[in-house]
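A.B. asks: Take a look at structure-v9.txt, compact mmCIF, C-alpha atoms:
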```txt
# COMPACT_ATOMS: atom_id res chain seq x y z
CA MET G 8 0.00 0.00 0.00
CA GLU G 9 1.41 3.41 -0.99
CA GLU G 10 1.93 6.19 1.53
CA ALA G 11 -1.00 8.22 0.16
CA ASP G 12 -3.32 5.21 0.36
CA ARG G 13 -2.25 4.47 3.92
CA GLU G 14 -2.91 8.09 4.87
CA GLN G 15 -6.38 7.97 3.34
CA ASP G 16 -7.13 4.66 5.04
CA LYS G 17 -6.07 6.06 8.42
CA LYS G 18 -8.17 9.19 7.89
CA LEU G 19 -11.18 7.09 6.88
CA ARG G 20 -11.03 5.06 10.09
CA GLU G 21 -10.59 8.15 12.26
CA ILE G 22 -13.57 9.89 10.63
CA PHE G 23 -15.76 6.80 10.94
CA GLU G 24 -14.82 6.31 14.60
CA GLU G 25 -15.55 9.96 15.44
CA GLY G 26 -18.93 9.76 13.69
CA HIS G 27 -19.81 6.48 15.42
CA VAL G 28 -19.06 7.95 18.86
CA ILE G 29 -21.51 10.80 18.17
CA TYR G 30 -24.03 8.29 16.75
CA GLU G 31 -23.93 6.28 19.99
CA GLU G 32 -24.42 9.50 22.00
CA ILE G 33 -27.51 10.32 19.94
CA LEU G 34 -28.99 6.84 20.47
CA ASN G 35 -28.38 6.86 24.24
CA THR G 36 -29.37 10.45 25.06
CA ASP G 37 -32.42 11.34 27.17
CA GLN G 38 -32.94 14.61 25.28
CA PRO G 39 -35.71 14.86 22.68
CA THR G 40 -34.56 14.27 19.12
CA ASN G 41 -35.83 17.67 17.94
CA SER G 42 -33.80 19.61 20.53
CA GLY G 43 -31.16 21.97 19.19
CA ASP G 44 -28.19 20.12 20.71
CA ILE G 45 -29.26 16.74 19.30
CA GLN G 46 -29.98 18.18 15.85
CA VAL G 47 -26.46 19.67 15.78
CA LYS G 48 -25.01 16.25 16.69
CA ILE G 49 -27.11 14.52 14.04
CA ARG G 50 -25.87 16.83 11.29
CA ARG G 51 -22.29 16.54 12.55
CA ALA G 52 -22.44 12.73 12.52
CA MET G 53 -24.03 12.74 9.04
CA LYS G 54 -21.27 14.99 7.71
CA LEU G 55 -18.60 12.63 9.10
CA PHE G 56 -20.30 9.53 7.66
CA GLU G 57 -20.73 11.23 4.28
CA ASP G 58 -17.02 12.10 4.25
CA ALA G 59 -16.20 8.50 5.20
CA THR G 60 -18.42 7.27 2.35
CA LYS G 61 -16.58 9.46 -0.16
CA LEU G 62 -13.20 8.25 1.09
CA ALA G 63 -14.33 4.63 0.90
CA SER G 64 -15.43 5.23 -2.68
CA ILE G 65 -12.19 6.96 -3.65
CA THR G 66 -10.14 4.07 -2.30
CA SER G 67 -12.37 1.59 -4.23
CA MET G 68 -12.92 -0.37 -1.04
CA PHE G 69 -16.00 -2.13 -2.40
CA SER G 70 -16.59 -3.75 -5.76
CA SER G 71 -19.72 -5.38 -7.19
CA ASN G 72 -17.84 -8.52 -8.28
CA GLU G 73 -16.47 -9.39 -4.81
CA SER G 74 -17.86 -11.53 -2.01
CA VAL G 75 -17.82 -10.80 1.72
CA GLU G 76 -15.02 -13.37 2.22
CA GLU G 77 -12.70 -11.11 0.19
CA VAL G 78 -13.32 -8.08 2.43
CA ALA G 79 -10.79 -7.49 5.19
CA THR G 80 -12.15 -7.77 8.73
CA GLN G 81 -11.32 -4.16 9.61
CA ASP G 82 -13.28 -2.98 6.53
CA LEU G 83 -16.53 -4.82 7.36
CA GLN G 84 -17.71 -1.97 9.58
CA PHE G 85 -17.92 0.34 6.55
CA PHE G 86 -20.81 -1.75 5.18
CA LEU G 87 -22.89 0.04 7.85
CA LEU G 88 -22.37 3.54 6.43
CA PRO G 89 -25.63 3.79 4.42
CA SER G 90 -27.63 2.21 7.25
CA LEU G 91 -26.21 4.66 9.78
CA LEU G 92 -26.89 7.58 7.43
CA GLY G 93 -30.46 6.36 6.89
CA ASN G 94 -31.12 6.18 10.64
CA LEU G 95 -29.70 9.67 11.19
CA THR G 96 -31.63 11.11 8.24
CA GLN G 97 -34.91 9.94 9.79
CA LYS G 98 -34.10 11.92 12.95
CA LEU G 99 -33.71 15.26 11.14
CA SER G 100 -36.24 17.96 12.05
CA VAL G 101 -36.93 19.78 8.79
CA THR G 102 -39.97 21.35 7.15
CA ASP G 103 -40.08 19.00 4.18
CA ARG G 104 -40.59 15.62 5.83
CA ILE G 105 -41.23 13.83 2.53
CA GLU G 106 -37.67 14.68 1.46
CA VAL G 107 -36.34 13.10 4.65
CA VAL G 108 -38.40 9.95 4.08
CA GLU G 109 -37.28 9.55 0.46
CA THR G 110 -33.60 10.10 1.31
CA ALA G 111 -33.69 7.58 4.17
CA ASP G 112 -35.41 5.13 1.82
CA ILE G 113 -32.50 5.43 -0.63
CA TYR G 114 -29.90 4.77 2.08
CA PHE G 115 -31.68 1.67 3.39
CA ARG G 116 -32.15 0.20 -0.10
CA ASP G 117 -28.52 0.86 -0.99
CA PHE G 118 -27.39 -0.89 2.22
CA LEU G 119 -29.60 -3.94 1.60
CA GLN G 120 -28.56 -4.21 -2.05
CA ARG G 121 -24.86 -4.06 -1.16
CA CYS G 122 -25.26 -6.76 1.51
CA LYS G 123 -27.13 -8.88 -1.04
CA ASP G 124 -24.45 -8.34 -3.71
CA TYR G 125 -21.75 -9.50 -1.29
CA GLY G 126 -23.70 -12.59 -0.22
CA ILE G 127 -24.28 -11.47 3.38
CA THR G 128 -28.04 -11.90 2.97
CA ASP G 129 -30.55 -13.21 0.44
CA VAL G 130 -33.57 -11.17 1.58
CA ASP G 131 -36.08 -9.86 -0.96
CA ILE G 132 -35.85 -6.09 -0.99
CA PRO G 133 -39.42 -4.68 -1.08
CA GLN G 134 -40.17 -2.69 -4.21
CA PRO G 135 -40.76 1.04 -3.68
CA ASN G 136 -44.23 2.44 -4.24
CA VAL G 137 -45.09 4.73 -7.16
CA SER G 138 -47.80 7.37 -6.91
CA GLU G 139 -50.80 7.31 -9.21
CA GLU G 140 -49.56 10.44 -10.95
CA ASP G 141 -46.23 8.78 -11.76
CA ASN G 142 -47.96 5.60 -12.91
CA GLY G 143 -50.17 7.47 -15.37
CA ASP G 144 -53.03 5.61 -17.11
CA ASP G 145 -51.37 2.24 -17.27
CA THR G 146 -54.55 0.35 -16.37
CA LEU G 147 -53.07 -2.95 -17.45
CA ALA G 148 -50.25 -2.63 -14.93
CA GLN G 149 -52.72 -1.59 -12.23
CA SER G 150 -55.02 -4.52 -12.87
CA SER G 151 -52.12 -6.96 -12.83
CA ARG G 152 -51.24 -5.82 -9.30
CA GLN G 153 -54.78 -6.26 -7.95
CA LEU G 154 -55.32 -9.39 -5.87
CA THR G 155 -58.44 -11.41 -5.22
CA PRO G 156 -59.65 -11.58 -1.57
CA ALA G 157 -58.23 -15.09 -1.22
CA GLN G 158 -54.88 -14.04 -2.65
CA GLY G 159 -54.86 -11.03 -0.35
CA LEU G 160 -55.41 -13.22 2.72
CA ILE G 161 -52.64 -15.59 1.68
CA ALA G 162 -50.25 -12.68 1.06
CA SER G 163 -51.15 -11.16 4.46
CA ALA G 164 -50.56 -14.47 6.24
CA ARG G 165 -47.18 -14.92 4.56
CA ASN G 166 -46.22 -11.34 5.40
CA ARG G 167 -47.18 -11.85 9.05
CA ALA G 168 -45.24 -15.12 9.28
CA SER G 169 -42.22 -13.42 7.71
CA LYS G 170 -42.35 -10.57 10.22
CA ILE G 171 -42.61 -12.97 13.16
CA GLU G 172 -39.62 -14.93 11.89
CA GLN G 173 -37.69 -11.70 11.33
CA PHE G 174 -38.52 -10.53 14.88
CA LYS G 175 -37.28 -13.80 16.42
CA GLU G 176 -34.09 -13.65 14.36
CA GLN G 177 -33.48 -10.04 15.43
CA LYS G 178 -33.84 -10.92 19.12
CA ALA G 179 -31.39 -13.80 18.74
CA LEU G 180 -28.87 -11.57 16.92
CA GLU G 181 -29.16 -8.85 19.58
CA ALA G 182 -28.48 -11.43 22.30
CA GLN G 183 -25.39 -12.63 20.42
CA LEU G 184 -24.18 -9.06 19.94
CA LYS G 185 -24.55 -8.28 23.63
CA ALA G 186 -22.47 -11.32 24.55
CA MET G 187 -19.78 -10.67 21.91
CA LYS G 188 -19.49 -6.91 22.47
CA GLU G 189 -17.98 -7.44 25.91
CA ASN G 190 -15.20 -9.58 24.39
CA VAL G 191 -14.42 -7.46 21.32
CA THR G 192 -11.27 -5.42 21.98
CA ALA G 193 -8.38 -4.15 19.92
CA ASN G 194 -6.39 -7.32 20.61
CA VAL G 195 -9.18 -9.83 20.11
CA ASP G 196 -8.83 -12.71 17.69
CA ASP G 197 -9.55 -11.72 14.08
CA GLU G 198 -12.13 -14.49 13.64
CA ILE G 199 -14.12 -13.35 16.68
CA LYS G 200 -14.05 -9.74 15.53
CA ARG G 201 -15.17 -10.77 12.04
CA LYS G 202 -18.10 -12.74 13.46
CA TYR G 203 -19.06 -9.72 15.57
CA TYR G 204 -19.12 -7.34 12.57
CA LEU G 205 -21.14 -9.78 10.43
CA THR G 206 -23.67 -10.23 13.24
CA LEU G 207 -23.92 -6.44 13.59
CA ILE G 208 -24.51 -6.09 9.84
CA LYS G 209 -27.28 -8.73 9.97
CA CYS G 210 -28.93 -6.81 12.81
CA HIS G 211 -28.94 -3.68 10.66
CA ILE G 212 -30.41 -5.68 7.75
CA ASN G 213 -33.46 -6.65 9.83
CA GLU G 214 -33.80 -3.09 11.11
CA CYS G 215 -33.64 -1.68 7.57
CA LEU G 216 -36.36 -4.04 6.35
CA SER G 217 -38.60 -2.90 9.19
CA GLU G 218 -37.79 0.77 8.55
CA LEU G 219 -38.65 0.44 4.85
CA ASP G 220 -42.15 -0.76 5.79
CA SER G 221 -42.57 2.20 8.14
CA LEU G 222 -41.33 4.65 5.52
CA GLN G 223 -43.82 3.38 2.94
CA SER G 224 -46.68 3.91 5.41
CA GLU G 225 -45.40 7.37 6.32
CA LYS G 226 -45.24 8.33 2.64
CA GLU G 227 -48.94 7.56 2.23
CA ILE G 228 -49.82 9.63 5.30
CA LEU G 229 -47.70 12.58 4.13
CA LYS G 230 -49.36 12.47 0.71
CA TYR G 231 -52.78 12.44 2.35
CA MET G 232 -51.88 15.39 4.61
CA ALA G 233 -50.57 17.40 1.66
CA LYS G 234 -53.75 16.67 -0.28
CA MET G 235 -55.94 17.76 2.64
CA ARG G 236 -54.02 21.02 3.09
CA THR G 237 -54.64 21.90 -0.54
CA GLY G 238 -58.26 20.80 -0.68
CA GLY G 239 -57.48 17.65 -2.65
CA SER G 240 -57.66 19.43 -6.00
CA LEU G 241 -53.98 19.80 -6.87
CA SER G 242 -51.56 17.38 -8.45
CA ALA G 243 -48.41 16.19 -6.69
CA ASN G 244 -46.22 18.71 -8.55
CA GLU G 245 -48.60 21.58 -7.75
CA ILE G 246 -48.63 20.55 -4.09
CA GLN G 247 -44.83 20.60 -4.00
CA ASP G 248 -44.72 24.05 -5.64
CA LYS G 249 -47.30 25.41 -3.20
CA LEU G 250 -45.52 24.05 -0.14
CA SER G 251 -42.08 25.23 -1.28
CA LYS G 252 -42.80 28.97 -1.71
CA GLY G 253 -40.14 31.28 -0.35
CA PRO G 254 -36.42 30.56 0.10
CA LYS G 255 -35.73 26.84 -0.37
CA PRO G 256 -33.42 25.04 2.08
CA LYS G 257 -30.54 23.00 0.75
CA PRO G 258 -32.06 19.69 -0.41
CA LEU G 259 -30.98 16.41 1.12
CA LYS G 260 -28.91 14.16 -1.12
CA ALA G 261 -28.09 10.54 -0.44
CA ILE G 262 -24.36 9.78 -0.62
CA ILE G 263 -24.17 6.29 -2.12
CA LEU G 264 -21.29 3.98 -1.30
CA THR G 265 -20.21 3.56 -4.95
CA LYS G 266 -17.57 5.68 -6.57
CA ASP G 267 -19.54 6.50 -9.72
CA GLU G 268 -22.74 7.22 -7.71
CA VAL G 269 -21.45 9.52 -4.97
CA GLN G 270 -23.29 12.45 -6.51
CA LYS G 271 -26.30 10.38 -7.58
CA LYS G 272 -29.58 12.31 -7.61
CA VAL G 273 -32.45 11.37 -5.34
CA PHE G 274 -34.60 9.01 -7.36
CA GLY G 275 -38.34 8.44 -7.10
CA ALA G 276 -39.42 5.39 -5.19
CA GLY G 277 -41.68 2.59 -6.29
CA TYR G 278 -45.35 1.64 -6.73
CA PRO G 279 -48.09 2.94 -4.42
CA SER G 280 -49.77 0.80 -1.82
CA LEU G 281 -53.51 0.46 -2.37
CA PRO G 282 -55.18 1.12 1.03
CA SER G 283 -58.70 -0.16 1.53
CA MET G 284 -59.66 3.18 3.13
CA THR G 285 -58.15 6.62 3.58
CA VAL G 286 -56.56 7.78 6.82
CA LYS G 287 -59.57 10.00 7.59
CA GLU G 288 -62.01 7.20 6.85
CA PHE G 289 -60.02 4.89 9.12
CA TYR G 290 -60.16 7.40 12.02
CA ASP G 291 -63.89 8.12 11.51
CA GLN G 292 -64.61 4.38 11.49
CA ARG G 293 -62.73 3.89 14.75
CA VAL G 294 -64.70 6.76 16.35
CA LYS G 295 -67.95 5.21 15.14
CA ASP G 296 -66.93 1.82 16.60
CA GLY G 297 -66.10 3.44 19.93
CA ILE G 298 -62.41 2.55 19.78
CA PHE G 299 -61.13 6.12 19.33
CA PRO G 300 -62.67 9.05 21.26
CA ASP G 301 -64.40 11.88 19.44
CA ALA G 302 -62.32 15.07 19.23
CA ALA G 303 -64.99 17.18 21.03
CA THR G 304 -65.23 14.63 23.85
CA VAL G 305 -61.46 14.59 24.32
CA GLN G 306 -61.31 18.39 24.50
CA ALA G 307 -64.18 18.60 27.03
CA ARG G 308 -62.61 15.88 29.19
CA CYS G 309 -59.24 17.66 29.17
CA LEU G 310 -60.85 20.96 30.26
CA GLN G 311 -62.73 19.17 33.06
CA ASP G 312 -59.57 17.44 34.31
CA LEU G 313 -57.69 20.75 34.24
CA ALA G 314 -60.41 22.48 36.30
CA SER G 315 -60.44 19.64 38.87
CA GLN G 316 -56.65 19.75 39.15
CA GLN G 317 -56.68 23.52 39.70
CA ASN G 318 -59.37 23.20 42.42
CA ALA G 319 -57.40 20.48 44.22
CA GLU G 320 -54.22 22.59 44.13
CA ALA G 321 -56.09 25.63 45.48
CA ILE G 322 -57.55 23.61 48.40
CA ALA G 323 -54.12 22.14 49.21
CA ASP G 324 -52.56 25.64 49.21
CA GLU G 325 -55.27 26.95 51.56
CA GLU G 326 -54.77 24.06 54.00
CA ALA G 327 -50.99 24.55 54.01
CA ALA G 328 -51.38 28.29 54.64
CA GLU G 329 -53.85 27.68 57.51
CA SER G 330 -51.52 25.13 59.13
CA GLU G 331 -48.57 27.50 58.87
CA ARG G 332 -50.62 30.33 60.42
CA ARG G 333 -51.60 28.18 63.41
CA VAL G 334 -47.98 27.22 64.06
CA GLU G 335 -46.85 30.84 63.93
CA GLU G 336 -49.64 31.93 66.35
CA ASP G 337 -48.84 29.06 68.82
CA ASP G 338 -52.31 27.58 68.51
CA GLU G 339 -52.87 25.32 71.55
CA GLU G 340 -54.64 22.56 69.63
CA THR G 341 -51.89 22.46 66.98
CA LEU G 342 -49.12 22.40 69.62
CA MET G 343 -50.89 19.60 71.52
CA ARG G 344 -51.19 17.47 68.38
CA ALA G 345 -47.50 18.03 67.60
CA ARG G 346 -46.47 16.95 71.14
CA GLU G 347 -48.67 13.86 70.95
CA MET G 348 -47.11 12.90 67.62
CA ASP G 349 -43.59 13.31 69.08
CA GLU G 350 -44.52 11.10 72.06
CA TYR G 351 -46.04 8.51 69.73
CA LYS G 352 -42.83 8.39 67.65
CA ASP G 353 -40.75 8.01 70.83
CA ASN G 354 -42.85 5.04 72.00
CA HIS G 355 -43.30 3.47 68.54
CA ARG G 356 -39.93 3.45 66.86
CA ARG G 357 -39.81 2.81 63.16
CA GLY G 358 -39.46 -0.88 62.40
CA TRP G 359 -40.91 -1.96 65.77
CA GLY G 360 -44.03 -3.41 64.20
CA ASN G 361 -44.77 -7.06 63.44
CA ARG G 362 -41.44 -8.90 63.55
CA TYR G 363 -43.01 -12.21 62.51
CA ASN G 364 -42.19 -13.97 65.89
CA ARG G 365 -38.56 -12.96 65.70
CA SER G 366 -36.81 -11.58 68.80
```
Could you render the structure from this file as structure tokens?

C.D. replies:
Amino acid sequence: MEEADREQDKKLREIFEEGHVIYEEILNTDQPTNSGDIQVKIRRAMKLFEDATKLASITSMFSSNESVEEVATQDLQFFLLPSLLGNLTQKLSVTDRIEVVETADIYFRDFLQRCKDYGITDVDIPQPNVSEEDNGDDTLAQSSRQLTPAQGLIASARNRASKIEQFKEQKALEAQLKAMKENVTANVDDEIKRKYYLTLIKCHINECLSELDSLQSEKEILKYMAKMRTGGSLSANEIQDKLSKGPKPKPLKAIILTKDEVQKKVFGAGYPSLPSMTVKEFYDQRVKDGIFPDAATVQARCLQDLASQQNAEAIADEEAAESERRVEEDDEETLMRAREMDEYKDNHRRGWGNRYNRS
């Protein structure tokens, strides 16, 4: 390895380590994610991981025609870069949430595809949804995706079984990680360290699959909210133009872990899910069934609870003030009660109760 390559490799590891320390702080903090301090840390960690991604691409660390056995143990941790960036992206507090969702989606898919290319996993990466506007009038394609009720039940059962299996596998991997993490040190055996990194990568694979499902659901909700804000009469492009009036913030861009795709543009994602009812219809149905409370009822109940709480606090304050006044004025009844309580405590020491026949 040439001197320049060694210098770049050393810098890459230092940057990744610094970013990972901040990432762990973000995961373990008690502060809310949208607080100023945490948002600064999130953007700092993202900048470090993006720089590490670019360095990994420049050094041609990964190649599409390699397998995981050909990757050095100390380089396995860099497989996690897109997954870490996807997790951090989701925590950003920005006005345009749909941009955050789409960027995180890109990172997770890139991570899963790379792990699949290297033979670490053989999972089926779920196809992204495409909006109706993007799909146009391709009725043939739409009809081919429609399922009969029986097919829908079978698909739902398979999906549920897959999620249960994935959950069990994730719990087992987390237990293994917890046991191995205590033994992984700088001087540990290379084989043990390699097994630890591969187990960590598999944990992230399961997490990414789960996050992709959540992102697809969030996309549908965001589209519904945008449609409601505009009266439901505008197209997707018109909605975006309406919501983006004024100075535009710097758009998010996914930094892909491939040298020729470092500056790759954010691409559209997939085919739309076909919900049986809208979000509003779902909520109204739950209110009708008595599962969710009506908005007016919730508001009235909150006001009633607030009034009761205020009355209780006022009564407690009055009682405390009256007691303090009696003490200051040497009220005979109050002094007598205080003396009786002192005598009671002297004759009934704490812990002198039922000793269960023990001397």

A.B. asks: Could you please determine the separation between atom CA of Ala314 of chain G and atom CA of Lys295 of chain G in Å, to one decimal place?

C.D. replies: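 Calculated distance between atom CA of Ala314 of chain G and atom CA of Lys295 of chain G is 28.3 Å.
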
A.B. asks: Rounded to one decimal, what separation in Å do you get between atom CA of Arg236 of chain G and atom CA of Val108 of chain G?

C.D. replies: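 Taking atom CA of Arg236 of chain G and atom CA of Val108 of chain G, their separation equals 19.2 Å.
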
A.B. asks: In Å, with one decimal, what is the gap from atom CA of Tyr114 of chain G to atom CA of Asp220 of chain G?

C.D. replies: 13.9 Å

A.B. asks: Of the candidates G:Thr66, G:Leu95, G:Lys170, G:Glu347, which one gets nearest to Glu14 of chain G if we count only C-alpha atoms?

C.D. replies: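 Going through G:Thr66, G:Leu95, G:Lys170, G:Glu347 one by one, the smallest distance to Glu14 of chain G is for G:Thr66.
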
A.B. asks: Calculated over all atoms listed in the file, which of the candidates G:Asp124, G:Asp197, G:Glu189, G:Glu339 has the smallest distance to Ser71 of chain G?

C.D. replies: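 Result for the nearest residue to Ser71 of chain G: G:Asp124.
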
A.B. asks: Measuring atom to atom with all atoms listed in the file, identify which of G:Lys123, G:Arg20, G:Lys352, G:Lys185 is nearest to Thr60 of chain G.

C.D. replies: G:Arg20

A.B. asks: Looking at all atoms listed in the file, which of G:Leu207, G:Leu88, G:Lys178, G:Thr96 is the one that sits closest to Ile127 of chain G?

C.D. replies: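 Closest candidate: G:Leu207.
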
A.B. asks: Provide segment 225-235 of chain G of the preceding structure as a file containing all heavy atoms, as a compact mmCIF listing (two decimals), in the first residue's frame.

C.D. replies:
```txt
# COMPACT_ATOMS: atom_id res chain seq x y z
N GLU G 225 -45.50 5.93 6.06
CA GLU G 225 -45.40 7.37 6.32
C GLU G 225 -45.57 8.17 5.03
O GLU G 225 -46.16 9.25 5.03
CB GLU G 225 -44.06 7.70 6.97
CG GLU G 225 -43.94 9.15 7.39
CD GLU G 225 -42.68 9.46 8.16
OE1 GLU G 225 -41.91 8.52 8.44
OE2 GLU G 225 -42.45 10.64 8.48
N LYS G 226 -45.07 7.65 3.92
CA LYS G 226 -45.24 8.33 2.64
C LYS G 226 -46.72 8.53 2.32
O LYS G 226 -47.14 9.61 1.88
CB LYS G 226 -44.57 7.54 1.51
CG LYS G 226 -43.07 7.68 1.42
CD LYS G 226 -42.56 6.90 0.23
CE LYS G 226 -41.04 6.92 0.17
NZ LYS G 226 -40.53 6.14 -0.99
N GLU G 227 -47.51 7.48 2.52
CA GLU G 227 -48.94 7.56 2.23
C GLU G 227 -49.62 8.61 3.11
O GLU G 227 -50.47 9.37 2.64
CB GLU G 227 -49.60 6.19 2.43
CG GLU G 227 -49.12 5.12 1.47
CD GLU G 227 -49.32 5.52 0.02
OE1 GLU G 227 -50.39 6.07 -0.29
OE2 GLU G 227 -48.41 5.29 -0.78
N ILE G 228 -49.23 8.64 4.39
CA ILE G 228 -49.82 9.63 5.30
C ILE G 228 -49.43 11.04 4.90
O ILE G 228 -50.25 11.97 4.91
CB ILE G 228 -49.38 9.33 6.75
CG1 ILE G 228 -49.96 7.98 7.20
CG2 ILE G 228 -49.82 10.43 7.70
CD1 ILE G 228 -49.48 7.52 8.55
N LEU G 229 -48.16 11.25 4.54
CA LEU G 229 -47.70 12.58 4.13
C LEU G 229 -48.41 13.04 2.87
O LEU G 229 -48.77 14.22 2.74
CB LEU G 229 -46.18 12.56 3.92
CG LEU G 229 -45.33 12.40 5.17
CD1 LEU G 229 -43.87 12.19 4.80
CD2 LEU G 229 -45.48 13.61 6.08
N LYS G 230 -48.63 12.12 1.93
CA LYS G 230 -49.36 12.47 0.71
C LYS G 230 -50.80 12.87 1.03
O LYS G 230 -51.34 13.83 0.48
CB LYS G 230 -49.35 11.29 -0.27
CG LYS G 230 -47.99 11.01 -0.90
CD LYS G 230 -48.05 9.76 -1.75
CE LYS G 230 -46.67 9.39 -2.30
NZ LYS G 230 -46.72 8.13 -3.07
N TYR G 231 -51.41 12.13 1.96
CA TYR G 231 -52.78 12.44 2.35
C TYR G 231 -52.85 13.81 3.02
O TYR G 231 -53.75 14.62 2.74
CB TYR G 231 -53.30 11.36 3.30
CG TYR G 231 -54.63 11.69 3.93
CD1 TYR G 231 -55.82 11.50 3.23
CD2 TYR G 231 -54.70 12.19 5.22
CE1 TYR G 231 -57.03 11.81 3.78
CE2 TYR G 231 -55.91 12.51 5.80
CZ TYR G 231 -57.08 12.32 5.08
OH TYR G 231 -58.27 12.63 5.65
N MET G 232 -51.90 14.10 3.92
CA MET G 232 -51.88 15.39 4.61
C MET G 232 -51.69 16.55 3.63
O MET G 232 -52.35 17.58 3.73
CB MET G 232 -50.77 15.39 5.66
CG MET G 232 -51.02 14.44 6.82
SD MET G 232 -49.58 14.30 7.93
CE MET G 232 -49.44 16.00 8.48
N ALA G 233 -50.79 16.36 2.66
CA ALA G 233 -50.57 17.40 1.66
C ALA G 233 -51.82 17.63 0.83
O ALA G 233 -52.18 18.77 0.49
CB ALA G 233 -49.40 17.01 0.76
N LYS G 234 -52.51 16.56 0.51
CA LYS G 234 -53.75 16.67 -0.28
C LYS G 234 -54.83 17.39 0.50
O LYS G 234 -55.56 18.24 -0.04
CB LYS G 234 -54.22 15.28 -0.69
CG LYS G 234 -55.42 15.28 -1.62
CD LYS G 234 -55.77 13.86 -2.04
CE LYS G 234 -56.97 13.87 -3.00
NZ LYS G 234 -57.33 12.49 -3.41
N MET G 235 -54.94 17.10 1.81
CA MET G 235 -55.94 17.76 2.64
C MET G 235 -55.65 19.24 2.81
O MET G 235 -56.57 20.07 2.82
CB MET G 235 -56.00 17.08 4.02
CG MET G 235 -56.52 15.65 3.99
SD MET G 235 -58.19 15.54 3.34
CE MET G 235 -59.10 16.42 4.61
```
